[in-house]
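protein31.csv, holding CSV, C-alpha atoms:
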```
chain,number,residue,atom,x,y,z
A,81,MET,CA,0.0,0.0,0.0
A,82,ASN,CA,2.8,2.5,0.9
A,83,VAL,CA,4.5,1.8,-2.4
A,84,GLU,CA,1.4,2.6,-4.3
A,85,ILE,CA,0.9,5.8,-2.3
A,86,ASP,CA,4.5,6.9,-3.0
A,87,ARG,CA,4.1,6.0,-6.7
A,88,GLY,CA,0.9,8.1,-6.9
A,89,ARG,CA,2.6,11.1,-5.2
A,90,THR,CA,5.5,10.7,-7.6
A,91,LEU,CA,3.3,10.8,-10.6
A,92,ALA,CA,1.5,13.9,-9.2
A,93,VAL,CA,4.8,15.6,-8.7
A,94,ALA,CA,5.9,14.6,-12.2
A,95,LYS,CA,2.9,16.3,-13.8
A,96,SER,CA,3.8,19.7,-12.3
A,97,ARG,CA,6.9,21.8,-12.3
A,98,ILE,CA,8.3,22.1,-8.8
A,99,GLU,CA,10.4,25.1,-7.7
A,100,LEU,CA,12.7,24.4,-4.8
A,101,PRO,CA,14.9,27.4,-4.2
A,102,GLY,CA,16.4,25.7,-1.1
A,103,LEU,CA,18.3,23.4,-3.5
A,104,LEU,CA,20.0,26.4,-5.1
A,105,ALA,CA,21.0,27.7,-1.8
A,106,MET,CA,22.5,24.4,-0.8
A,107,ARG,CA,24.5,24.3,-4.0
A,108,CYS,CA,25.9,27.7,-3.2
A,109,TYR,CA,27.0,26.8,0.3
A,110,ALA,CA,28.4,23.5,-0.9
A,111,ALA,CA,30.5,25.3,-3.5
A,112,LEU,CA,31.7,28.0,-1.0
A,113,SER,CA,32.7,25.3,1.5
A,114,ILE,CA,35.0,23.7,-1.1
A,115,VAL,CA,36.4,27.1,-2.0
A,116,LEU,CA,37.4,27.6,1.7
A,117,VAL,CA,39.0,24.1,1.9
A,118,HIS,CA,41.1,24.6,-1.2
A,119,LEU,CA,42.0,28.2,-0.3
A,120,ILE,CA,43.6,26.8,2.9
A,121,ALA,CA,45.2,23.7,1.3
A,122,LEU,CA,46.6,25.0,-2.0
A,123,PRO,CA,48.5,28.1,-0.8
A,124,LYS,CA,48.9,26.5,2.6
A,125,LEU,CA,47.4,29.6,4.4
A,126,GLN,CA,47.6,29.9,8.1
A,127,ILE,CA,44.1,30.0,9.7
A,128,PRO,CA,43.0,31.1,13.2
A,129,GLY,CA,42.7,28.3,15.7
A,130,TYR,CA,38.9,28.8,16.1
A,131,LEU,CA,38.4,27.8,12.4
A,132,TRP,CA,40.1,24.4,12.9
A,133,PHE,CA,37.0,22.6,11.6
A,134,VAL,CA,37.0,24.3,8.2
A,135,PRO,CA,39.8,22.2,6.6
A,136,THR,CA,38.7,19.0,8.4
A,137,HIS,CA,34.9,19.1,7.7
A,138,PHE,CA,34.1,21.6,5.0
A,139,GLY,CA,35.1,19.0,2.4
A,140,ASN,CA,31.6,17.6,3.0
A,141,GLY,CA,30.5,20.2,0.5
A,142,VAL,CA,31.2,17.6,-2.3
A,143,PRO,CA,28.9,15.0,-0.6
A,144,LEU,CA,26.3,17.7,-0.2
A,145,PHE,CA,26.5,18.4,-4.0
A,146,TYR,CA,25.8,14.7,-4.6
A,147,ILE,CA,22.9,14.6,-2.2
A,148,VAL,CA,21.4,17.7,-3.7
A,149,SER,CA,21.9,16.3,-7.2
A,150,ALA,CA,20.2,13.0,-6.5
A,151,PHE,CA,17.3,14.8,-4.7
A,152,GLY,CA,16.8,17.3,-7.5
A,153,LEU,CA,17.0,14.7,-10.2
A,154,PHE,CA,14.4,12.5,-8.6
A,155,VAL,CA,12.2,15.6,-8.2
A,156,GLY,CA,12.6,16.4,-11.8
A,157,TYR,CA,12.6,13.0,-13.5
A,158,SER,CA,10.8,10.5,-11.3
A,159,GLY,CA,7.9,9.2,-13.3
A,160,ARG,CA,9.2,10.9,-16.5
A,161,ILE,CA,11.5,8.4,-18.0
A,162,GLY,CA,9.4,5.7,-19.6
A,163,THR,CA,10.3,5.5,-23.2
A,164,ARG,CA,13.4,5.3,-25.4
A,165,GLN,CA,12.9,8.9,-26.6
A,166,GLU,CA,12.6,10.2,-23.0
A,167,LEU,CA,15.7,8.2,-22.0
A,168,ARG,CA,17.6,9.8,-24.9
A,169,GLU,CA,16.4,13.2,-24.0
A,170,PHE,CA,17.4,12.7,-20.4
A,171,TYR,CA,21.0,11.8,-21.3
A,172,LEU,CA,21.2,14.7,-23.8
A,173,ARG,CA,20.0,17.2,-21.2
A,174,ARG,CA,22.5,16.0,-18.6
A,175,PHE,CA,25.3,16.1,-21.1
A,176,LEU,CA,24.5,19.6,-22.2
A,177,ARG,CA,24.3,20.7,-18.6
A,178,ILE,CA,27.9,19.6,-17.8
A,179,ALA,CA,29.8,19.3,-21.1
A,180,PRO,CA,29.9,23.0,-22.4
A,181,LEU,CA,31.7,24.4,-19.4
A,182,PHE,CA,33.7,21.3,-18.7
A,183,TYR,CA,35.0,21.3,-22.3
A,184,PHE,CA,35.8,25.0,-22.1
A,185,THR,CA,37.8,24.5,-18.9
A,186,MET,CA,39.6,21.5,-20.5
A,187,LEU,CA,40.8,23.7,-23.4
A,188,PHE,CA,41.8,26.4,-20.9
A,189,TYR,CA,43.9,23.9,-19.0
A,190,ILE,CA,46.1,23.2,-22.0
A,191,PRO,CA,47.9,26.6,-21.9
A,192,PHE,CA,47.3,27.0,-18.1
A,193,CYS,CA,49.2,23.8,-17.2
A,194,TRP,CA,52.0,24.8,-19.5
A,195,ALA,CA,52.3,28.3,-18.2
A,196,VAL,CA,52.0,27.4,-14.5
A,197,TRP,CA,53.8,24.0,-14.2
A,198,GLY,CA,55.4,23.5,-17.6
A,199,THR,CA,53.5,20.3,-18.1
A,200,THR,CA,51.4,19.0,-21.0
A,201,ILE,CA,48.3,16.9,-20.8
A,202,PRO,CA,48.5,13.3,-22.1
A,203,LEU,CA,46.2,12.6,-25.0
A,204,SER,CA,44.8,9.5,-23.4
A,205,GLN,CA,43.8,11.5,-20.3
A,206,PHE,CA,42.3,14.3,-22.4
A,207,VAL,CA,40.2,11.8,-24.3
A,208,SER,CA,39.0,9.9,-21.1
A,209,SER,CA,38.0,13.3,-19.6
A,210,ALA,CA,36.2,14.4,-22.8
A,211,LEU,CA,34.3,11.1,-22.9
A,212,PHE,CA,33.4,11.4,-19.2
A,213,VAL,CA,34.8,7.9,-18.5
A,214,PHE,CA,37.7,8.8,-16.4
A,215,ASN,CA,36.1,7.6,-13.2
A,216,PHE,CA,36.5,4.1,-14.5
A,217,VAL,CA,40.2,4.5,-15.5
A,218,PRO,CA,42.4,4.1,-12.4
A,219,ASN,CA,45.3,6.4,-13.5
A,220,HIS,CA,42.8,9.0,-14.8
A,221,VAL,CA,40.2,9.0,-12.0
A,222,THR,CA,41.2,12.4,-10.5
A,223,GLY,CA,41.0,14.1,-13.9
A,224,PHE,CA,43.5,16.7,-15.1
A,225,VAL,CA,41.1,19.6,-14.5
A,226,MET,CA,41.6,20.4,-10.8
A,227,ALA,CA,38.8,19.0,-8.6
A,228,SER,CA,37.1,17.4,-11.6
A,229,TRP,CA,37.2,13.9,-10.0
A,230,SER,CA,33.7,14.7,-8.6
A,231,ILE,CA,32.5,15.5,-12.1
A,232,GLY,CA,33.6,11.9,-13.1
A,233,VAL,CA,31.6,10.5,-10.2
A,234,GLU,CA,28.5,12.7,-11.1
A,235,MET,CA,28.5,11.6,-14.7
A,236,ALA,CA,28.9,8.0,-13.7
A,237,PHE,CA,25.8,8.5,-11.5
A,238,TYR,CA,23.9,10.1,-14.4
A,239,ALA,CA,24.6,6.9,-16.4
A,240,ILE,CA,22.7,4.7,-13.9
A,241,LEU,CA,20.0,7.2,-12.8
A,242,PRO,CA,17.3,6.0,-15.2
A,243,LEU,CA,17.6,2.5,-13.8
A,244,LEU,CA,17.4,3.9,-10.3
A,245,VAL,CA,14.3,5.9,-11.2
A,246,PHE,CA,12.7,2.8,-12.6
A,247,ALA,CA,13.6,0.5,-9.6
A,248,ILE,CA,13.3,2.9,-6.6
A,249,THR,CA,9.7,3.8,-6.5
A,250,GLY,CA,9.1,4.4,-2.8
A,251,LEU,CA,10.6,5.2,0.6
A,252,ALA,CA,11.1,1.6,1.6
A,253,ARG,CA,13.0,0.8,-1.5
A,254,SER,CA,15.1,4.0,-1.2
A,255,LEU,CA,16.1,2.9,2.4
A,256,VAL,CA,17.0,-0.5,1.2
A,257,PHE,CA,19.2,1.0,-1.6
A,258,LEU,CA,20.8,3.3,1.0
A,259,ALA,CA,21.7,0.3,3.2
A,260,VAL,CA,23.1,-1.6,0.2
A,261,ALA,CA,25.1,1.4,-0.9
A,262,VAL,CA,26.6,1.9,2.6
A,263,PHE,CA,27.5,-1.8,2.7
A,264,LEU,CA,29.1,-1.6,-0.7
A,265,ALA,CA,31.1,1.5,0.2
A,266,ALA,CA,32.3,0.0,3.5
A,267,ASN,CA,33.5,-3.2,1.8
A,268,TRP,CA,35.0,-1.3,-1.1
A,269,ALA,CA,37.1,0.7,1.4
A,270,LEU,CA,38.2,-2.6,3.0
A,271,ALA,CA,39.1,-4.0,-0.3
A,272,PHE,CA,41.5,-1.1,-1.0
A,273,GLN,CA,42.8,-0.8,2.5
A,274,GLY,CA,46.6,-0.9,2.6
A,275,THR,CA,46.9,0.0,-1.1
A,276,GLU,CA,49.1,2.8,-2.3
A,277,GLY,CA,49.5,5.1,-5.3
A,278,THR,CA,47.2,4.8,-8.2
A,279,LEU,CA,45.2,1.9,-6.8
A,280,ALA,CA,44.5,3.7,-3.5
A,281,VAL,CA,43.4,6.9,-5.3
A,282,PHE,CA,41.1,4.9,-7.6
A,283,GLY,CA,39.5,3.2,-4.5
A,284,HIS,CA,38.9,6.6,-2.9
A,285,PHE,CA,37.5,8.4,-5.9
A,286,SER,CA,35.4,5.7,-7.5
A,287,LEU,CA,31.6,6.0,-7.8
A,288,VAL,CA,31.2,2.9,-5.6
A,289,ALA,CA,32.9,4.8,-2.7
A,290,HIS,CA,30.4,7.7,-3.0
A,291,LEU,CA,27.2,6.1,-4.2
A,292,PHE,CA,25.6,6.1,-0.7
A,293,TYR,CA,25.6,9.9,-0.7
A,294,PHE,CA,23.4,9.8,-3.8
A,295,ALA,CA,21.3,7.1,-2.1
A,296,ALA,CA,20.8,9.4,0.9
A,297,GLY,CA,19.6,12.1,-1.5
A,298,ILE,CA,17.1,9.7,-3.1
A,299,ALA,CA,15.8,8.6,0.4
A,300,GLY,CA,15.5,12.3,1.3
A,301,TYR,CA,13.4,12.8,-1.8
A,302,TYR,CA,10.9,10.2,-0.7
A,303,VAL,CA,10.8,11.6,2.8
A,304,TRP,CA,10.1,15.0,1.3
A,305,LEU,CA,7.4,13.5,-0.9
A,306,ARG,CA,5.6,12.1,2.1
A,307,ILE,CA,5.6,15.2,4.2
A,308,CYS,CA,5.7,18.0,1.6
A,309,ARG,CA,2.0,18.7,2.0
A,310,THR,CA,2.2,19.0,5.8
A,311,SER,CA,2.8,22.1,7.9
A,312,PRO,CA,5.9,24.1,6.8
A,313,GLN,CA,6.9,24.2,10.4
A,314,ILE,CA,7.9,20.6,10.1
A,315,GLY,CA,10.5,21.7,7.6
A,316,ARG,CA,11.8,24.3,10.0
A,317,ILE,CA,12.1,21.7,12.8
A,318,VAL,CA,13.9,19.2,10.5
A,319,PHE,CA,16.3,21.9,9.2
A,320,ALA,CA,17.1,23.1,12.7
A,321,ALA,CA,17.6,19.5,14.0
A,322,SER,CA,20.0,18.9,11.0
A,323,LEU,CA,22.1,22.0,11.8
A,324,LEU,CA,22.4,20.8,15.4
A,325,ALA,CA,23.4,17.4,14.2
A,326,ILE,CA,26.1,18.9,11.9
A,327,VAL,CA,27.5,20.8,14.9
A,328,GLY,CA,27.5,17.6,16.9
A,329,LEU,CA,29.3,15.7,14.1
A,330,ILE,CA,31.9,18.4,13.9
A,331,SER,CA,32.4,18.6,17.7
A,332,PHE,CA,32.4,14.9,18.5
A,333,THR,CA,33.9,13.3,15.4
A,334,SER,CA,36.4,11.1,17.3
A,335,GLN,CA,33.8,9.9,19.8
A,336,ILE,CA,31.3,9.1,17.1
A,337,ALA,CA,34.0,7.2,15.2
A,338,VAL,CA,34.9,5.2,18.3
A,339,PHE,CA,31.2,4.4,18.8
A,340,PHE,CA,30.8,3.1,15.3
A,341,GLU,CA,34.0,1.2,15.6
A,342,THR,CA,32.8,-0.5,18.7
A,343,VAL,CA,29.4,-1.3,17.3
A,344,LEU,CA,30.5,-2.4,13.8
A,345,GLY,CA,33.8,-4.1,14.9
A,346,SER,CA,35.8,-2.3,12.3
A,347,SER,CA,36.9,1.2,11.3
A,348,GLY,CA,34.4,3.8,12.3
A,349,GLY,CA,35.0,5.9,9.2
A,350,SER,CA,32.1,4.4,7.2
A,351,GLY,CA,29.8,5.0,10.1
A,352,VAL,CA,30.8,8.6,10.4
A,353,LYS,CA,30.4,9.2,6.6
A,354,THR,CA,26.9,7.6,6.8
A,355,ALA,CA,26.0,9.8,9.6
A,356,TRP,CA,27.1,12.8,7.6
A,357,ALA,CA,25.1,11.6,4.6
A,358,VAL,CA,21.9,11.2,6.6
A,359,THR,CA,22.4,14.5,8.3
A,360,LEU,CA,23.0,16.5,5.1
A,361,ALA,CA,20.1,14.7,3.4
A,362,SER,CA,17.9,15.8,6.3
A,363,ALA,CA,19.1,19.4,5.9
A,364,VAL,CA,18.2,19.2,2.2
A,365,VAL,CA,14.7,17.9,3.1
A,366,GLY,CA,14.2,20.6,5.7
A,367,VAL,CA,15.3,23.5,3.5
A,368,SER,CA,13.1,22.1,0.6
A,369,LEU,CA,10.1,22.0,2.9
A,370,TYR,CA,10.6,25.4,4.5
A,371,PRO,CA,13.2,27.7,2.7
A,372,GLN,CA,13.9,30.1,5.5
A,373,ARG,CA,14.8,33.6,4.2
A,374,TRP,CA,18.0,34.0,6.2
A,375,PHE,CA,19.4,30.8,4.5
A,376,VAL,CA,17.7,30.9,1.1
A,377,ASN,CA,18.4,34.5,0.3
A,378,PRO,CA,18.8,36.1,-3.2
A,379,ALA,CA,22.6,36.0,-3.0
A,380,ALA,CA,22.6,32.3,-2.2
A,381,LYS,CA,20.2,31.5,-5.0
A,382,LEU,CA,22.3,33.6,-7.5
A,383,LEU,CA,25.5,31.8,-6.5
A,384,GLY,CA,23.7,28.5,-6.5
A,385,ASN,CA,22.9,28.9,-10.2
A,386,ALA,CA,26.6,29.6,-10.8
A,387,SER,CA,27.9,26.9,-8.4
A,388,PHE,CA,29.2,24.7,-11.1
A,389,SER,CA,31.3,27.6,-12.5
A,390,ILE,CA,32.4,28.4,-9.0
A,391,TYR,CA,33.5,24.8,-8.4
A,392,LEU,CA,35.5,24.5,-11.7
A,393,TRP,CA,37.1,27.9,-11.6
A,394,HIS,CA,38.1,28.3,-8.0
A,395,PRO,CA,41.3,26.2,-8.1
A,396,VAL,CA,42.5,28.2,-11.1
A,397,VAL,CA,41.8,31.5,-9.3
A,398,ILE,CA,43.5,30.4,-6.1
A,399,VAL,CA,46.6,29.1,-8.0
A,400,ILE,CA,47.0,32.2,-10.1
A,401,LEU,CA,46.6,34.5,-7.0
A,402,ASP,CA,49.1,32.4,-5.1
A,403,ARG,CA,51.6,32.5,-8.0
A,404,LEU,CA,51.2,36.3,-8.1
A,405,GLY,CA,52.2,36.4,-4.5
A,406,LEU,CA,49.0,38.0,-3.4
A,407,TYR,CA,48.4,35.8,-0.3
A,408,ARG,CA,52.0,36.2,0.8
A,409,THR,CA,51.6,40.0,0.5
A,410,ILE,CA,48.3,40.0,2.5
A,411,TYR,CA,49.8,37.9,5.3
A,412,ALA,CA,52.9,40.1,5.4
A,413,SER,CA,50.8,43.2,5.7
A,414,PHE,CA,48.7,42.1,8.7
A,415,GLY,CA,49.5,40.5,12.1
A,416,GLY,CA,48.0,37.3,13.3
A,417,ALA,CA,45.9,34.9,11.2
A,418,SER,CA,42.3,36.1,11.5
A,419,LEU,CA,42.5,39.4,9.5
A,420,PRO,CA,44.8,38.1,6.7
A,421,PHE,CA,42.8,35.0,6.2
A,422,LEU,CA,39.6,37.1,6.0
A,423,ALA,CA,41.2,39.4,3.5
A,424,SER,CA,42.4,36.4,1.5
A,425,VAL,CA,38.8,35.0,1.4
A,426,VAL,CA,37.4,38.4,0.4
A,427,THR,CA,40.0,38.9,-2.3
A,428,THR,CA,39.5,35.4,-3.7
A,429,LEU,CA,35.7,35.7,-3.9
A,430,ALA,CA,36.1,39.2,-5.4
A,431,VAL,CA,37.8,37.6,-8.4
A,432,LEU,CA,36.0,34.2,-8.4
A,433,ILE,CA,32.4,35.3,-8.2
A,434,PRO,CA,32.3,37.8,-11.2
A,435,LEU,CA,34.3,35.2,-13.3
A,436,SER,CA,31.8,32.5,-12.3
A,437,LEU,CA,28.8,34.6,-13.1
A,438,LEU,CA,30.2,35.4,-16.5
A,439,SER,CA,31.0,31.8,-17.1
A,440,TYR,CA,27.4,30.8,-16.1
A,441,ARG,CA,25.9,33.5,-18.3
A,442,TYR,CA,28.0,32.9,-21.4
A,443,VAL,CA,29.0,29.2,-21.3
A,444,GLU,CA,26.6,27.3,-19.0
A,445,ARG,CA,23.3,28.9,-20.0
A,446,PRO,CA,23.7,28.6,-23.7
A,447,GLY,CA,24.3,24.8,-23.2
A,448,MET,CA,21.2,24.6,-21.0
A,449,ALA,CA,19.2,26.6,-23.6
A,450,LEU,CA,20.2,24.1,-26.2
A,451,GLY,CA,18.9,21.3,-23.9
A,452,THR,CA,15.5,23.0,-23.5
A,453,ARG,CA,14.8,22.6,-27.2
A,454,PHE,CA,13.9,19.0,-26.3
A,455,ARG,CA,10.5,19.7,-24.8
A,456,ARG,CA,9.2,16.3,-24.0
A,457,LEU,CA,11.0,16.3,-20.6
A,458,GLN,CA,10.4,19.2,-18.2
A,459,PRO,CA,12.6,18.6,-15.2
A,460,ALA,CA,12.0,20.7,-12.1
```
Conversion result in structure tokens:
Amino acid sequence: MNVEIDRGRTLAVAKSRIELPGLLAMRCYAALSIVLVHLIALPKLQIPGYLWFVPTHFGNGVPLFYIVSAFGLFVGYSGRIGTRQELREFYLRRFLRIAPLFYFTMLFYIPFCWAVWGTTIPLSQFVSSALFVFNFVPNHVTGFVMASWSIGVEMAFYAILPLLVFAITGLARSLVFLAVAVFLAANWALAFQGTEGTLAVFGHFSLVAHLFYFAAGIAGYYVWLRICRTSPQIGRIVFAASLLAIVGLISFTSQIAVFFETVLGSSGGSGVKTAWAVTLASAVVGVSLYPQRWFVNPAAKLLGNASFSIYLWHPVVIVILDRLGLYRTIYASFGGASLPFLASVVTTLAVLIPLSLLSYRYVERPGMALGTRFRRLQPA
């Protein structure tokens, strides 16, 4: 009975266009969290002690991207992929959403790598990236475009999404899929434990290692589907509880890892990652149910639209500013770590945000506009 109810709600959602501004805001915050992590890691900036959690935990912006992606794709496509034509249109739309900007950055990296590091890009790696199969090639899995490993994971997920839409038709099935994905990821990590070099990197960046984040987003979609017609206050409660849970995960990471290690009898890392996945998915559900204005504001929505550009361009901006000596100059001009780090963040965003908005306007949007010519699918 519950499966039939979920299927009916899914079909009802599929017949109408759903606007969820909270997803745009989440994409914005996910992108900015990754910018902060790489701003610290690439130029090796000193940070104030009270920001210790930024380099250790803001990397969860990538899993948040995955969760938002799966959630949004199920909102847009659940119940809409039923024929060969619709399947073809789905893949074409997804390709045109990612490929134009990604190909543009690939071409940019040819002179960029030569000018900055004096290196050339191997033809085989260029081809595997262009075909979006580099997630399946062990020595290419990270991609040559900085931070593009996650694009490889995302495109691999797109490849199997129609099958998941067909098979996962209710909350119960989504929870089973989440449990299976967690089991696969834990055993995948064990299989690559002790490996080094290319093999270790492949084990870490493979789709199998990250599939449970997408599964959490799918489960979040079905939770949202069940309660989306209830009081908006439920969304506020879910979102507030999720924020408290995030604070708890940051504050008590080691204790939580020990707990999972004791319960599971193995490394607690998989348990901690699963807790993050469920917590972030709950936050996505909460903000989708009740987009609070302080969180889902115009700036967040604007940058959420350009989040893909922010993600792809931010390593380039950071590397160039570092090579120009800007960060060293800032830190030499101020005492301590708080003020120079803040100035470095502001300076980086002052360059990155206009560049990303231009990239979104003149590269991403034309690609998406081309995709909208195929009218049979109308994803939210």
Query - Gly283 (chain A) surroundings by all atoms listed in the file, 12 Å radius, close-in-sequence under 3 positions cut, as number ranges by chain - result: A: 215-219, 221-222, 265-280, 286-290
Let me see the file: selected residues, C-alpha atoms, as a PDB file, in the coordinates of the input.
```pdb
ATOM      1  CA  ASN A 215      36.100   7.600 -13.200  1.00  0.00           C
ATOM      2  CA  PHE A 216      36.500   4.100 -14.500  1.00  0.00           C
ATOM      3  CA  VAL A 217      40.200   4.500 -15.500  1.00  0.00           C
ATOM      4  CA  PRO A 218      42.400   4.100 -12.400  1.00  0.00           C
ATOM      5  CA  ASN A 219      45.300   6.400 -13.500  1.00  0.00           C
ATOM      6  CA  VAL A 221      40.200   9.000 -12.000  1.00  0.00           C
ATOM      7  CA  THR A 222      41.200  12.400 -10.500  1.00  0.00           C
ATOM      8  CA  ALA A 265      31.100   1.500   0.200  1.00  0.00           C
ATOM      9  CA  ALA A 266      32.300   0.000   3.500  1.00  0.00           C
ATOM     10  CA  ASN A 267      33.500  -3.200   1.800  1.00  0.00           C
ATOM     11  CA  TRP A 268      35.000  -1.300  -1.100  1.00  0.00           C
ATOM     12  CA  ALA A 269      37.100   0.700   1.400  1.00  0.00           C
ATOM     13  CA  LEU A 270      38.200  -2.600   3.000  1.00  0.00           C
ATOM     14  CA  ALA A 271      39.100  -4.000  -0.300  1.00  0.00           C
ATOM     15  CA  PHE A 272      41.500  -1.100  -1.000  1.00  0.00           C
ATOM     16  CA  GLN A 273      42.800  -0.800   2.500  1.00  0.00           C
ATOM     17  CA  GLY A 274      46.600  -0.900   2.600  1.00  0.00           C
ATOM     18  CA  THR A 275      46.900   0.000  -1.100  1.00  0.00           C
ATOM     19  CA  GLU A 276      49.100   2.800  -2.300  1.00  0.00           C
ATOM     20  CA  GLY A 277      49.500   5.100  -5.300  1.00  0.00           C
ATOM     21  CA  THR A 278      47.200   4.800  -8.200  1.00  0.00           C
ATOM     22  CA  LEU A 279      45.200   1.900  -6.800  1.00  0.00           C
ATOM     23  CA  ALA A 280      44.500   3.700  -3.500  1.00  0.00           C
ATOM     24  CA  SER A 286      35.400   5.700  -7.500  1.00  0.00           C
ATOM     25  CA  LEU A 287      31.600   6.000  -7.800  1.00  0.00           C
ATOM     26  CA  VAL A 288      31.200   2.900  -5.600  1.00  0.00           C
ATOM     27  CA  ALA A 289      32.900   4.800  -2.700  1.00  0.00           C
ATOM     28  CA  HIS A 290      30.400   7.700  -3.000  1.00  0.00           C
TER      29      HIS A 290
END
```
Report task. Select, from A:Gly129, A:Arg445, A:Leu119, A:Ile98, the residue with the minimum atom-to-atom distance to Ala417 (chain A), counting all atoms listed in the file. Result ->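 Among the listed residues, the smallest separation from Ala417 (chain A) belongs to A:Gly129.
Considering all atoms listed in the file, the residue among A:Gly152, A:Pro395, A:Gly297, A:Gly349 positioned nearest to Leu104 (chain A) is A:Gly152.
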Env of region 189-204 of chain A: 12 Å cut, atoms = all atoms listed in the file, seq-sep filter 5 positions within chain, self excluded. Answer as a CSV table (one decimal) with C-alpha atoms, in the coordinates of the input.
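Done, and the output landed in part_22.csv:
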```
chain,number,residue,atom,x,y,z
A,182,PHE,CA,33.7,21.3,-18.7
A,183,TYR,CA,35.0,21.3,-22.3
A,184,PHE,CA,35.8,25.0,-22.1
A,209,SER,CA,38.0,13.3,-19.6
A,210,ALA,CA,36.2,14.4,-22.8
A,211,LEU,CA,34.3,11.1,-22.9
A,213,VAL,CA,34.8,7.9,-18.5
A,214,PHE,CA,37.7,8.8,-16.4
A,217,VAL,CA,40.2,4.5,-15.5
A,219,ASN,CA,45.3,6.4,-13.5
A,220,HIS,CA,42.8,9.0,-14.8
A,223,GLY,CA,41.0,14.1,-13.9
A,224,PHE,CA,43.5,16.7,-15.1
A,225,VAL,CA,41.1,19.6,-14.5
A,226,MET,CA,41.6,20.4,-10.8
A,228,SER,CA,37.1,17.4,-11.6
A,392,LEU,CA,35.5,24.5,-11.7
A,393,TRP,CA,37.1,27.9,-11.6
A,395,PRO,CA,41.3,26.2,-8.1
A,396,VAL,CA,42.5,28.2,-11.1
A,397,VAL,CA,41.8,31.5,-9.3
A,399,VAL,CA,46.6,29.1,-8.0
A,400,ILE,CA,47.0,32.2,-10.1
A,401,LEU,CA,46.6,34.5,-7.0
A,402,ASP,CA,49.1,32.4,-5.1
A,403,ARG,CA,51.6,32.5,-8.0
A,404,LEU,CA,51.2,36.3,-8.1
```
Requested in this report: Please provide as a list in words all residues within 9 Å of Phe292 (chain A), with the sequence filter that same-chain residues fewer than 5 positions apart are discarded (counting all atoms listed in the file).
Outcome: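 Surrounding residues, per the criterion: Phe257, Leu258, Ala259, Val260, Ala261, Val262, Phe263, Leu264, Ala265, Gly297, Thr354 and Ala357 of chain A.
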Query - Separation of CA of Pro135 (chain A) from CA of Leu103 (chain A), in Å and rounded to one decimal - result: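 Between CA of Pro135 (chain A) and CA of Leu103 (chain A) the gap is 23.8 Å.
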**Report entry** Point-to-point distance in Å for CA of Trp229 (chain A) and CA of Ala363 (chain A)
**Finding:**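 Between CA of Ala363 (chain A) and CA of Trp229 (chain A) the gap is 24.7 Å.
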Report task. Tell me, in Å to one decimal, how far CA of His394 (chain A) is from CA of Tyr293 (chain A). Result ->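 About the pair CA of His394 (chain A) and CA of Tyr293 (chain A): they are 23.4 Å apart.
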Query raised in the report: Could you pull the residues within 12 Å of region 335-343 of chain A, counting all atoms listed in the file, minus those fewer than 3 positions along the same chain, as a ChimeraX atom specification?
Result: /A:325,328-332,346-356
Report task. Excluding Leu450 (chain A) and residues on its chain fewer than 4 positions from it, collect all residues at most 9 Å away from it, counting all atoms listed in the file, and give them as a list in words. Result -> Arg173, Leu176, Arg445, Pro446 and Phe454 of chain A
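Among A:Ser424, A:Ser389, A:Thr310, A:Ser322, the residue with the shortest atom-to-atom distance to Gly405 (chain A), counting all atoms listed in the file, is A:Ser424.
With only C-alpha atoms as the atoms that count, the minimum distance from Trp374 (chain A) to the choices A:Ile178, A:Ala386, A:Ala105, A:Val426 is reached by A:Ala105.
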Could you complete region 105-113 of chain A so that it carries N, CA and C atoms, and give it back as a CSV table (one decimal), in the coordinates of the input?
```
chain,number,residue,atom,x,y,z
A,105,ALA,N,20.2,27.2,-2.9
A,105,ALA,CA,21.0,27.7,-1.8
A,105,ALA,C,22.0,26.7,-1.3
A,106,MET,N,21.6,25.4,-1.2
A,106,MET,CA,22.5,24.4,-0.8
A,106,MET,C,23.7,24.2,-1.7
A,107,ARG,N,23.4,24.3,-3.0
A,107,ARG,CA,24.5,24.3,-4.0
A,107,ARG,C,25.5,25.4,-3.8
A,108,CYS,N,25.0,26.6,-3.4
A,108,CYS,CA,25.9,27.7,-3.2
A,108,CYS,C,26.8,27.4,-2.0
A,109,TYR,N,26.2,27.0,-0.9
A,109,TYR,CA,27.0,26.8,0.3
A,109,TYR,C,27.9,25.6,0.2
A,110,ALA,N,27.5,24.6,-0.6
A,110,ALA,CA,28.4,23.5,-0.9
A,110,ALA,C,29.7,24.0,-1.7
A,111,ALA,N,29.4,24.8,-2.7
A,111,ALA,CA,30.5,25.3,-3.5
A,111,ALA,C,31.5,26.2,-2.6
A,112,LEU,N,30.9,27.1,-1.8
A,112,LEU,CA,31.7,28.0,-1.0
A,112,LEU,C,32.5,27.2,0.0
A,113,SER,N,32.0,26.1,0.5
A,113,SER,CA,32.7,25.3,1.5
A,113,SER,C,33.9,24.7,0.9
```
